[in-house]
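K.L.:
Below you'll find the structure I mean.
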Amino acid sequence: MDVSRETLLDLHHRMVRIRTFEEQAGKLQESGKIPGALHLYVGEEAVASGVMAHLSNEDQITSTHRGHGHLVAKGGDFKKMYAELYGRATGYCHGKGGSMHISDLDLGMLGANGIVGAGPPIAIGAAFSNKYRHTQNVTCCFFGDGASNEGTFHEAANMAALYRLPVVFVCENNGFGEFTSQERHQAIHDIAERASGYGMPGVVVDGMDVMAVYEAAGEAIARARRGEGPTLLECKTYRFYDHVGVRGMGVVYRDDSEVVEWRKRDPLPMFEARLAETGVLSPEEALDVHARVLTEVQEAIAFAESSPYPPDEALLQDVYTVAAG
Amino acid sequence: MDVSRETLLDLHHRMVRIRTFEEQAGKLQESGKIPGALHLYVGEEAVASGVMAHLSNEDQITSTHRGHGHLVAKGGDFKKMYAELYGRATGYCHGKGGSMHISDLDLGMLGANGIVGAGPPIAIGAAFSNKYRHTQNVTCCFFGDGASNEGTFHEAANMAALYRLPVVFVCENNGFGEFTSQERHQAIHDIAERASGYGMPGVVVDGMDVMAVYEAAGEAIARARRGEGPTLLECKTYRFYDHVGVRGMGVVYRDDSEVVEWRKRDPLPMFEARLAETGVLSPEEALDVHARVLTEVQEAIAFAESSPYPPDEALLQDVYTVAAG
Amino acid sequence: MTTVEAPAKRELAYVQAINEALTQLMRSDSTVFLAGEDVALYGGVFGTSRGLLKEFGPERVVDTPIAESGLMGLGLGAAATGLRPIIEIMFMDFMGVCMDEVVNQVAKMKYMFGGKATLPLTIQTMAGGGASMAAQHSQSLEAWFCHVPGLKVVMPSGPYEAKGLMVSAVQDDNPVMVVNVKTILGMRAPVPEEMYSIPLGKAHVVRPGTNFTIVATGRMVGESLAAADELAGDGLDVEVIDPRTLQPFDTETVVNSVKKTHRALVAHEAVRFGGIGAEYAAQIQEQAFDYLDAPVGRVGAPFAPVPFSPPLEKLYIPNAARIVAEVRSLLGKAG
Amino acid sequence: MTTVEAPAKRELAYVQAINEALTQLMRSDSTVFLAGEDVALYGGVFGTSRGLLKEFGPERVVDTPIAESGLMGLGLGAAATGLRPIIEIMFMDFMGVCMDEVVNQVAKMKYMFGGKATLPLTIQTMAGGGASMAAQHSQSLEAWFCHVPGLKVVMPSGPYEAKGLMVSAVQDDNPVMVVNVKTILGMRAPVPEEMYSIPLGKAHVVRPGTNFTIVATGRMVGESLAAADELAGDGLDVEVIDPRTLQPFDTETVVNSVKKTHRALVAHEAVRFGGIGAEYAAQIQEQAFDYLDAPVGRVGAPFAPVPFSPPLEKLYIPNAARIVAEVRSLLGKAG
Ligand SMILES: Cc1ncc(C[n+]2csc(CCOP(=O)(O)OP(=O)(O)O)c2C)c(N)n1
Ligand SMILES: Cc1ncc(C[n+]2csc(CCOP(=O)(O)OP(=O)(O)O)c2C)c(N)n1
Ligand SMILES: [Mg+2]
Ligand SMILES: [Mg+2]
């Protein structure tokens with residue numbers, strides 16, 4: 001499949017945005033500036049980018065506890081994102097959600113989620129709504145290999161296939177659920193194998209290769225838009241840092257050598273090499289992109305740090321929708 | 001596989017016991033003598049009988065809301081069973097459980113259950129215990145086609161395969177979850193297809209043919225005893241009566257013709273014909289069996305009806321285990 | 001759509017009142033749909049949605065697999081994207097299999113998102129014992145949900161309330177749980193034909209009285225009225241208040257009543273320990289302490305699961321006689 | 001195994017006390033095993049099971065998939081067949097994903113089976129806010145479980161209680177939920193080295209006093225002691241009582257205290273509306289009505305989900321200052 005230069009640059013830009021956002025977020029948390037728990041997406045950028053490139057703001061996604069990358073790829077505003085991680089009033093959730101609940105309904109991003117496996121049921125609801133309202137919109141449901149063992153995934157997958165809902169289940173198989181490796185949490189190798197049990201196609205793709213993800217996601221999403229129902233798309237990827245926070249080497253649950261091996265397949269340099277070869281983007285131009293994005297990120301961080309915390313009154317606001325007038 | 005005469009007669013006896021128990025229970029409820037909801041097993045006798053013939057009292061089963069047949073096949077005492085359905089102090093649960101919670105831990109029957117899908121998690125716990133205690137015991141988990149869509153089944157199946165637990169998931173696919181036919185609650189035809197998604201074998205068997213069930217269950221149970229892990233055994237069967245109670249014709253959710261077709265494959269006459277052909281049991285002898293069992297049942301009903309209700313003090317008893325002394 | 005308090009002539013059974021509310025709501029708003037187990041083809045195991053499939057079709061009256069987490073999530077996702085779902089959980093006892101969706105997702109999404117989400121989601125379910133359905137089909141678990149910020153909870157005590165509260169629940173822009181009571185589905189009362197609403201958060205003084213206040217929910221409202229009649233023989237003039245909305249609770253109406261009567265009791269079918277009656281009793285003594293001539297009493301189920309055996313279940317479920325006895329013992333306790 | 005009330009010399013942190021209890025329990029009884037997410041190889045995300053895998057091996061210290069319903073069912077099935085499981089649900093907020101197993105299966109099996117089942121099952125979890133973990137990782141939901149017949153619930157307020165209550169929970173032949181508090185895991189106190197138990201259902205008078213009673217749970221015990229010191233300045237001699245076991249509640253100890261002090265307040269970290277404080281307050285006014293000089297007060301979290309933003313969360317979580325303020329306002333209200 002031939003992909004336009006714009007698309008290639010767009011995919012690259014999304015990945016750079018995620019990587020830069022996350023690297024800085026990690027530093028900020030290590031320096032104690034960001035409170036709470038951060039689950040970084042570094043290493044998995046190709047998945048969110050390859051999928052999101054097919055979606056408009058009217059298409060929804062459900063996310064996970066590891067949600068920054070999804071929101072960035074969906075078009076998230078750095079300023080509002082950092083402000084949220086800082087717990088400031090200017091954040092996406094006015095500081096009430098933080099990293100684990102960052103969201104932007106206007107972008108169709110139905111929220112990071114602190115509950116593993118909470119996304120799939122919500123995703124079929126959005127997909128049901130798309131169908132009910134006779135739109136062509138699609139909902140992409142991101143979830144992890146660990147989440148694939150939660151009953152919620154099973155229930156949602158069965159219903160999606162039964163109703164032929166326009167949803168794509170994107171499994172980000174990074175080989176671990178927290179500190180438990182896949183072979184220690186399920187007896188299968190390919191989670192996509194579960195698809196046939198619901199009556200939907202299952203596809204395995206290299207989650208470190210953004211073009212492969214872009215292509216496979218494109219087919220699944222097009223299929224959903226055509227009203228042909230859901231697909232389970234498993235993306236094999238890897239989390240470079242620790243489950244929470246940055247540290248990720250010298251840990252009890254995986255060998256450093258494994259991390260080193262996976263880092264050789266870092267999706268960003270791999271893609272940049274390809275863009276250079278094909279003359280789409282030279283190394284210098286790539287550096288430019290990184291530099292521009294870094295500047296954006298720095299501005300956003302400054303914005304967040306200079307933003308006020310929510311006022312005390314906010315504590316009891318927005319628990320309920322108050323009838324207008 | 002050649003099966004001994006004793007086994008053939010035993011299988012027949014179990015089926016007759018279930019059929020007779022249920023037919024009478026249905027009548028008693030229609031006549032208003034048994035309170036609450038009864039989910040009758042009539043039509044599905046071959047499943048419980050074919051499986052239970054392989055189990056000892058040290059092997060456990062988990063059951064469903066449709067549990068009488070399971071307990072009868074596991075060796076349940078008619079007197080204690082009817083007394084329970086009547087809510088009498090002499091019942092298996094001293095009248096506190098009724099039809100939906102009838103159980104006998106001494107027989108390894110871990111209870112009928114009012115919650116669809118509640119059995120599988122409990123079953124893997126018993127299987128875990130069998131393994132932990134280094135026994136050769138197996139746990140058989142009965143559940144319906146409707147229950148196969150509950151997340152609990154998914155979670156338990158994954159854990160069973162992961163830990164290679166000695167458990168057999170016996171899916172009683174009678175084509176309906178309450179009043180919703182299988183094609184209206186899942187997009188697959190064979191529930192056994194879900195097995196590969198957990199890394200366990202899936203087997204489909206004719207649930208109206210007790211020999212077929214006996215053989216397939218035998219292999220799955222032997223496999224579990226050998227420590228080779230779980231199997232998903234799907235038995236295609238049919239519920240002759242309504243979801244609750246007896247009436248089952250002239251209902252909105254299925255055609256009478258469908259019932260008529262399935263009744264042509266009534267597991268009991270089919271098996272009796274075979275026993276007659278092979279000279280194992282003549283029609284006259286078969287009638288004797290029915291007559292003897294009916295007498296047992298009538299005695300048990302008389303026992304139940306003459307039994308006292310639980311005393312008022314029972315209301316607050318057995319909420320907790322009170323430390324001895 | 002108007003608010004009618006004066007009862008009309010026509011009588012309906014509780015179950016018909018729910019059915020009429022659902023029908024009128026779906027006629028009046030095309031974003032309203034109903035999803036649940038056997039709600040469509042079968043019309044609901046309690047008959048509450050009979051006829052809806054025929055009138056509105058399978059897109060708007062949806063039979064679902066037995067998968068309550070998926071079902072509740074379907075409602076949430078649909079509500080967050082512009083629809084007004086009614087999600088039926090057949091028995092309240094089954095809330096446990098979709099508890100996370102209700103409590104961590106539905107109830108919290110708006111707040112966690114800084115207010116951006118609007119969730120016009122109605123959760124309809126059936127509570128209560130008395131039908132010999134044993135421990136897993138007879139519970140009244142409303143206290144759990146009243147403890148969860150982000151949810152509203154209503155409990156109709158009769159046909160008039162069943163229709164009006166359902167209309168209010170569905171038209172409210174927040175998640176509202178409608179806790180119906182299965183043992184009074186056959187109860188008949190006058191119900192206006194038009195689609196009317198009953199304001200959420202406002203209690204109803206069912207029977208005015210001067211020297212004792214009974215706050216009762218659901219089925220206990222009727223039992224309390226019977227108790228009031230009997231207690232009239234003791235020269236007691238009992239005021240019976242039905243909160244109708246359990247969360248938010250209309251503290252003001254109840255406290256004002258107690259300031260007048262100086263004595264109060266809260267009655268519900270749920271287990272007494274930790275039931276919503278504890279909260280109401282605590283609020284009454286906090287806000288009317290100097291007016292109380294006796295402790296605030298509570299009537300609820302004893303601390304045990306619901307037993308199957310009919311005589312035990314009869315003993316288990318609170319009724320007029322127990323309310324009368326508790327009121328009399330409170331008068332004994334009067335300071 | 002003895003019951004030791006006199007604190008020993010050696011100090012341990014709360015988290016170490018749990019760890020020591022688990023270790024000693026597993027040494028003393030081969031039917032005890034621990035299962036949960038990341039409890040083995042990683043030693044628990046809070047470190048409570050560090051070292052157990054090494055000593056007891058993977059058969060007895062079991063990492064599970066992320067599947068809490070399966071996990072809780074595993075505990076139930078194992079308990080019903082002769083083992084003594086300890087099931088860890090990482091955060092109390094996750095109870096929603098295994099609520100049916102806890103409430104309809106674990107809590108009711110014995111009663112539904114007419115008493116035949118014995119279920120020595122311990123459920124260990126972590127509650128509370130204050131760590132900027134937002135609405136789904138900071139809740140205190142103990143009131144739900146105290147409302148469920150068949151369950152016992154304990155909430156340790158410090159290292160001594162953490163070890164002793166864990167031992168009692170595991171040795172009890174009933175399902176017991178141990179609700180630990182994540183924000184005080186580092187709190188140090190003297191803990192006896194031997195395996196001792198703290199009797200379930202008995203409250204502990206942490207600080208004797210004569211003219212005001214504060215009943216506080218978990219982290220609020222420490223806050224109440226601080227409040228008591230400050231209130232001493234007002235000439236108030238506050239008695240602080242830690243129920244330790246929330247269900248069954250030691251009504252007698254608390255009521256006797258209030259009969260002596262004539263004033264009471266209940267403090268917990270959970271949402272105030274419908275919290276366990278409502279039940280305790282209701283019981284106090286029922287049983288000590290004639291002794292009360294003021295309404296029974298309650299301190300709890302406001303009616304909102306737990307916010308992420310540190311200043312808002314700080315405002316949200318009850319503390320000594322709020323307890324002091326509430327006590328003073330109650331004295332104002334005194335009749
Ligand atoms: C219901 C529930 N159980 C457990 C947790 C704790 N937890 C948070 S993230 C996580 C691992 C999730 O693994 P996976 O789905 O593979 O996502 P990943 O972190 O690898 O991206 C766990 C167990 C939770 N948040 N919710
Ligand atoms: C969690 C839960 N949801 C719904 C129900 C109501 N219900 C009782 S039986 C049943 C149908 C079960 O179908 P299946 O598993 O196929 O068993 P069958 O009745 O066909 O034997 C339903 C929906 C329930 N008891 N529990
Ligand atoms: Mg993972
Ligand atoms: Mg079925």
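Within each chain, counting starts at residue 1; across the structure tokens, chains are named A, B, ... in the order shown, with ligands numbered 1 upward in that order.
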Which residues of chain B come within 6 Å of ligand 2, and what is each one's closest atom pair and distance in Å (one decimal), counting only C-alpha atoms and all ligand atoms, sorted by chain and residue number, as JSON lines?
P.N.:
```
{"residue": "B:Arg66", "atom": "CA", "partner": "ligand 2", "partner_atom_place_in_ligand_line": "21 (O)", "distance": 5.6}
{"residue": "B:Gly114", "atom": "CA", "partner": "ligand 2", "partner_atom_place_in_ligand_line": "25 (N)", "distance": 5.0}
{"residue": "B:Ile115", "atom": "CA", "partner": "ligand 2", "partner_atom_place_in_ligand_line": "26 (N)", "distance": 3.8}
{"residue": "B:Val116", "atom": "CA", "partner": "ligand 2", "partner_atom_place_in_ligand_line": "26 (N)", "distance": 4.0}
{"residue": "B:Phe143", "atom": "CA", "partner": "ligand 2", "partner_atom_place_in_ligand_line": "15 (O)", "distance": 5.8}
{"residue": "B:Gly144", "atom": "CA", "partner": "ligand 2", "partner_atom_place_in_ligand_line": "15 (O)", "distance": 3.3}
{"residue": "B:Asp145", "atom": "CA", "partner": "ligand 2", "partner_atom_place_in_ligand_line": "16 (O)", "distance": 4.0}
{"residue": "B:Gly146", "atom": "CA", "partner": "ligand 2", "partner_atom_place_in_ligand_line": "16 (O)", "distance": 3.5}
{"residue": "B:Ala147", "atom": "CA", "partner": "ligand 2", "partner_atom_place_in_ligand_line": "15 (O)", "distance": 3.8}
{"residue": "B:Asn174", "atom": "CA", "partner": "ligand 2", "partner_atom_place_in_ligand_line": "20 (O)", "distance": 5.6}
{"residue": "B:Phe176", "atom": "CA", "partner": "ligand 2", "partner_atom_place_in_ligand_line": "20 (O)", "distance": 5.0}
{"residue": "B:Gly177", "atom": "CA", "partner": "ligand 2", "partner_atom_place_in_ligand_line": "13 (O)", "distance": 3.3}
{"residue": "B:Glu178", "atom": "CA", "partner": "ligand 2", "partner_atom_place_in_ligand_line": "11 (C)", "distance": 4.0}
{"residue": "B:His243", "atom": "CA", "partner": "ligand 2", "partner_atom_place_in_ligand_line": "19 (O)", "distance": 6.0}
```
K.L.:
Next, the residues of the selection above should be written as a tab-separated table (two decimals), in the first residue's frame with N, CA, C and O atoms.
P.N.:
```tsv
chain	number	residue	atom	x	y	z
B	66	ARG	N	-29.71	-24.23	37.39
B	66	ARG	CA	-30.40	-25.43	36.91
B	66	ARG	C	-29.69	-26.64	37.49
B	66	ARG	O	-29.15	-27.47	36.76
B	114	GLY	N	-27.32	-19.02	42.09
B	114	GLY	CA	-28.30	-18.10	41.51
B	114	GLY	C	-27.69	-17.07	40.59
B	114	GLY	O	-28.41	-16.34	39.91
B	115	ILE	N	-26.38	-17.01	40.58
B	115	ILE	CA	-25.69	-16.01	39.76
B	115	ILE	C	-25.09	-16.70	38.54
B	115	ILE	O	-24.22	-17.57	38.67
B	116	VAL	N	-25.55	-16.32	37.38
B	116	VAL	CA	-25.04	-16.92	36.14
B	116	VAL	C	-23.56	-16.59	36.00
B	116	VAL	O	-23.15	-15.44	36.13
B	143	PHE	N	-21.78	-25.11	33.21
B	143	PHE	CA	-22.26	-23.74	32.94
B	143	PHE	C	-22.98	-23.75	31.60
B	143	PHE	O	-22.77	-24.64	30.78
B	144	GLY	N	-23.80	-22.75	31.39
B	144	GLY	CA	-24.62	-22.74	30.19
B	144	GLY	C	-24.04	-21.93	29.05
B	144	GLY	O	-23.03	-21.25	29.21
B	145	ASP	N	-24.70	-21.99	27.91
B	145	ASP	CA	-24.29	-21.17	26.76
B	145	ASP	C	-24.40	-19.69	27.12
B	145	ASP	O	-23.53	-18.88	26.78
B	146	GLY	N	-25.44	-19.35	27.86
B	146	GLY	CA	-25.58	-17.96	28.27
B	146	GLY	C	-24.43	-17.53	29.18
B	146	GLY	O	-23.88	-16.44	29.04
B	147	ALA	N	-24.07	-18.40	30.10
B	147	ALA	CA	-23.00	-18.10	31.05
B	147	ALA	C	-21.66	-17.95	30.35
B	147	ALA	O	-20.75	-17.29	30.87
B	174	ASN	N	-27.70	-25.45	25.67
B	174	ASN	CA	-29.09	-25.86	25.34
B	174	ASN	C	-29.74	-24.82	24.42
B	174	ASN	O	-30.97	-24.78	24.28
B	176	PHE	N	-30.21	-21.66	24.55
B	176	PHE	CA	-30.87	-20.47	25.08
B	176	PHE	C	-30.27	-20.01	26.40
B	176	PHE	O	-29.91	-20.82	27.24
B	177	GLY	N	-30.18	-18.72	26.54
B	177	GLY	CA	-29.93	-18.09	27.82
B	177	GLY	C	-31.25	-17.46	28.19
B	177	GLY	O	-31.67	-16.48	27.57
B	178	GLU	N	-31.94	-18.05	29.13
B	178	GLU	CA	-33.31	-17.64	29.43
B	178	GLU	C	-34.14	-17.72	28.16
B	178	GLU	O	-34.41	-18.81	27.66
B	243	HIS	N	-37.78	-21.90	30.60
B	243	HIS	CA	-36.61	-21.53	31.39
B	243	HIS	C	-36.88	-21.75	32.88
B	243	HIS	O	-36.06	-22.32	33.59
```
K.L.:
Which protein, DNA or RNA residues have an atom within 12 Å of ligand 3, counting only C-alpha atoms and all ligand atoms, as JSON, numbers by chain?
P.N.:
{"A": [39, 40, 41, 44, 64, 65, 66, 116, 117, 142, 143, 144, 145, 146, 147, 148, 149, 171, 172, 173, 174, 175, 176, 177, 178, 179, 180, 181, 182, 183, 184, 185, 186, 191, 234, 235, 236, 237, 238, 239, 240, 242, 243, 244], "D": [65, 66]}
K.L.:
Chain D residues within 9 Å of chain B, counting only C-alpha atoms: which ones, as a PyMOL selection string?
P.N.:
chain D and resi 31+59-60+64-83+100-101+104-105+107-119+149-151+172-175
K.L.:
For chain A, which residue among B:Trp262, B:Tyr309, B:Tyr198, B:Phe169 is the nearest when counting only C-alpha atoms?
P.N.:
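Nearest candidate to chain A out of B:Trp262, B:Tyr309, B:Tyr198, B:Phe169: B:Tyr198.
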K.L.:
Using only C-alpha atoms, what table do you get, as JSON lines, when you list each residue of chain C with an atom no more than 6 Å from chain D, its nearest pair of atoms, and their distance in Å rounded to one decimal, rows by chain then rising number?
P.N.:
```
{"residue": "C:Gly96", "atom": "CA", "partner": "D:Asp100", "partner_atom": "CA", "distance": 4.1}
{"residue": "C:Val97", "atom": "CA", "partner": "D:Asp100", "partner_atom": "CA", "distance": 5.4}
{"residue": "C:Met99", "atom": "CA", "partner": "D:Gly96", "partner_atom": "CA", "distance": 4.6}
{"residue": "C:Asp100", "atom": "CA", "partner": "D:Gly96", "partner_atom": "CA", "distance": 4.1}
{"residue": "C:Trp144", "atom": "CA", "partner": "D:Trp144", "partner_atom": "CA", "distance": 5.5}
{"residue": "C:His147", "atom": "CA", "partner": "D:Gly274", "partner_atom": "CA", "distance": 4.8}
{"residue": "C:Pro149", "atom": "CA", "partner": "D:Ala304", "partner_atom": "CA", "distance": 5.0}
{"residue": "C:Phe273", "atom": "CA", "partner": "D:His147", "partner_atom": "CA", "distance": 5.8}
{"residue": "C:Gly274", "atom": "CA", "partner": "D:His147", "partner_atom": "CA", "distance": 4.8}
{"residue": "C:Ala278", "atom": "CA", "partner": "D:Glu279", "partner_atom": "CA", "distance": 4.8}
{"residue": "C:Glu279", "atom": "CA", "partner": "D:Ala278", "partner_atom": "CA", "distance": 4.8}
{"residue": "C:Ala281", "atom": "CA", "partner": "D:Ala282", "partner_atom": "CA", "distance": 5.8}
{"residue": "C:Ala282", "atom": "CA", "partner": "D:Ala282", "partner_atom": "CA", "distance": 5.2}
{"residue": "C:Gln285", "atom": "CA", "partner": "D:Pro295", "partner_atom": "CA", "distance": 5.9}
{"residue": "C:Glu286", "atom": "CA", "partner": "D:Pro295", "partner_atom": "CA", "distance": 5.1}
{"residue": "C:Phe289", "atom": "CA", "partner": "D:Pro295", "partner_atom": "CA", "distance": 5.7}
{"residue": "C:Pro295", "atom": "CA", "partner": "D:Glu286", "partner_atom": "CA", "distance": 5.1}
{"residue": "C:Phe303", "atom": "CA", "partner": "D:Pro149", "partner_atom": "CA", "distance": 5.5}
{"residue": "C:Ala304", "atom": "CA", "partner": "D:Pro149", "partner_atom": "CA", "distance": 5.0}
```
K.L.:
Please give the complete set of residues from stretch 34-103 of chain B that DSSP, run on the backbone, assigns to alpha helix (DSSP H), formatted as a ChimeraX atom specification.
P.N.:
/B:45-52,68-73,78-85
K.L.:
Would you save the residues of that selection, restricted to N, CA, C and O atoms, as a compact mmCIF listing (two decimals), in the first residue's frame?
P.N.:
```txt
# COMPACT_ATOMS: atom_id res chain seq x y z
N GLU B 45 -30.44 -34.60 30.62
CA GLU B 45 -29.95 -35.63 31.56
C GLU B 45 -28.66 -36.30 31.14
O GLU B 45 -27.84 -36.71 31.98
N ALA B 46 -28.48 -36.43 29.83
CA ALA B 46 -27.29 -37.16 29.36
C ALA B 46 -26.00 -36.45 29.76
O ALA B 46 -24.97 -37.09 29.98
N VAL B 47 -26.07 -35.14 29.88
CA VAL B 47 -24.85 -34.39 30.18
C VAL B 47 -24.37 -34.68 31.61
O VAL B 47 -23.26 -35.17 31.83
N ALA B 48 -25.24 -34.38 32.58
CA ALA B 48 -24.84 -34.61 33.97
C ALA B 48 -24.48 -36.07 34.20
O ALA B 48 -23.48 -36.39 34.85
N SER B 49 -25.27 -36.97 33.62
CA SER B 49 -25.03 -38.41 33.86
C SER B 49 -23.71 -38.86 33.25
O SER B 49 -22.92 -39.56 33.90
N GLY B 50 -23.47 -38.45 32.01
CA GLY B 50 -22.25 -38.89 31.34
C GLY B 50 -20.99 -38.37 32.00
O GLY B 50 -19.95 -39.04 32.01
N VAL B 51 -21.08 -37.18 32.58
CA VAL B 51 -19.91 -36.61 33.26
C VAL B 51 -19.75 -37.23 34.64
O VAL B 51 -18.69 -37.73 35.01
N MET B 52 -20.84 -37.23 35.39
CA MET B 52 -20.75 -37.64 36.80
C MET B 52 -20.35 -39.09 36.98
O MET B 52 -19.79 -39.45 38.01
N HIS B 68 -30.58 -29.22 39.90
CA HIS B 68 -31.09 -30.50 40.46
C HIS B 68 -30.43 -31.69 39.78
O HIS B 68 -30.00 -32.64 40.44
N GLY B 69 -30.37 -31.62 38.46
CA GLY B 69 -29.83 -32.75 37.71
C GLY B 69 -28.40 -33.05 38.09
O GLY B 69 -27.99 -34.22 38.17
N HIS B 70 -27.64 -31.99 38.34
CA HIS B 70 -26.24 -32.20 38.72
C HIS B 70 -26.14 -32.90 40.07
O HIS B 70 -25.35 -33.83 40.24
N LEU B 71 -26.96 -32.47 41.00
CA LEU B 71 -26.88 -33.07 42.33
C LEU B 71 -27.40 -34.50 42.31
O LEU B 71 -26.78 -35.40 42.90
N VAL B 72 -28.49 -34.74 41.59
CA VAL B 72 -28.99 -36.12 41.49
C VAL B 72 -27.91 -37.00 40.89
O VAL B 72 -27.57 -38.06 41.43
N ALA B 73 -27.31 -36.55 39.81
CA ALA B 73 -26.28 -37.37 39.14
C ALA B 73 -25.06 -37.57 40.03
O ALA B 73 -24.37 -38.58 39.94
N PHE B 78 -32.67 -38.07 47.37
CA PHE B 78 -33.99 -37.53 47.00
C PHE B 78 -34.68 -36.86 48.19
O PHE B 78 -35.28 -35.79 48.05
N LYS B 79 -34.61 -37.51 49.34
CA LYS B 79 -35.33 -36.97 50.51
C LYS B 79 -34.84 -35.58 50.84
O LYS B 79 -35.61 -34.63 50.96
N LYS B 80 -33.52 -35.45 50.97
CA LYS B 80 -32.96 -34.15 51.34
C LYS B 80 -33.17 -33.12 50.22
O LYS B 80 -33.27 -31.92 50.47
N MET B 81 -33.26 -33.62 49.00
CA MET B 81 -33.45 -32.69 47.88
C MET B 81 -34.87 -32.13 47.85
O MET B 81 -35.07 -30.91 47.81
N TYR B 82 -35.84 -33.02 47.91
CA TYR B 82 -37.22 -32.51 47.90
C TYR B 82 -37.49 -31.66 49.14
O TYR B 82 -38.13 -30.62 49.08
N ALA B 83 -36.95 -32.12 50.27
CA ALA B 83 -37.17 -31.36 51.51
C ALA B 83 -36.61 -29.94 51.33
O ALA B 83 -37.20 -28.96 51.79
N GLU B 84 -35.49 -29.82 50.62
CA GLU B 84 -34.91 -28.49 50.39
C GLU B 84 -35.82 -27.66 49.48
O GLU B 84 -36.08 -26.49 49.75
N LEU B 85 -36.31 -28.30 48.42
CA LEU B 85 -37.20 -27.55 47.51
C LEU B 85 -38.46 -27.09 48.25
O LEU B 85 -39.03 -26.05 47.92
```
K.L.:
To one decimal place, how far is atom CA of A:Ala161 from atom CA of A:Gly229 in Å?
P.N.:
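Result for atom CA of A:Ala161 versus atom CA of A:Gly229: 6.3 Å, one decimal.
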K.L.:
Can you list, as a VMD selection string, every protein, DNA or RNA residue that comes within 10 Å of C:Thr210 when you count only C-alpha atoms, leaving out same-chain residues fewer than 4 positions away?
P.N.:
chain C and resid 236 to 239 257 to 258 260 to 263
K.L.:
Generate the output file for the selected residues, C-alpha atoms, as a CSV table (one decimal), in the first residue's frame.
P.N.:
```csv
chain,number,residue,atom,x,y,z
C,236,LEU,CA,-50.7,8.3,68.2
C,237,ASP,CA,-50.9,10.6,65.2
C,238,VAL,CA,-48.2,9.3,62.9
C,239,GLU,CA,-46.7,11.2,60.0
C,257,SER,CA,-41.4,16.9,60.6
C,258,VAL,CA,-39.4,15.6,63.5
C,260,LYS,CA,-42.9,19.0,65.1
C,261,THR,CA,-43.4,15.4,66.2
C,262,HIS,CA,-40.3,14.9,68.5
C,263,ARG,CA,-40.1,11.2,67.7
```
K.L.:
Taking into account only C-alpha atoms, which residue in the set A:Arg274, A:Arg194, A:Arg19, A:Arg164 is nearest to chain B?
P.N.:
A:Arg194
K.L.:
For the atom pair atom CA of A:Val203 and atom CA of A:Ala216, what is the interatomic distance in Å to one decimal place?
P.N.:
7.8 Å
K.L.:
Using only C-alpha atoms and all ligand atoms, which of A:Tyr241, A:Met208, A:Tyr214, A:Phe21 sits nearest ligand 1?
P.N.:
A:Tyr241
K.L.:
Closest to D:Gly36 among D:Val327, D:Met90, D:Val206, D:Met133, using only C-alpha atoms?
P.N.:
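Among the listed residues, the smallest separation from D:Gly36 belongs to D:Met90.
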K.L.:
Have a look at D:Tyr196, D:Tyr291, D:Phe33, D:Phe46 and name the one nearest to D:Asn19; count only C-alpha atoms.
P.N.:
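Result for the nearest residue to D:Asn19: D:Phe46.
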K.L.:
Would you compute the distance between atom CA of A:Glu150 and atom CA of B:Met200? Give it in Å to one decimal.
P.N.:
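Separation of atom CA of A:Glu150 and atom CA of B:Met200: 17.7 Å.
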K.L.:
Could you check the closest approach to ligand 1 for each of A:Leu233, A:Leu8, A:Gly245, A:Leu268 and tell me which residue wins, using only C-alpha atoms and all ligand atoms?
P.N.:
A:Gly245
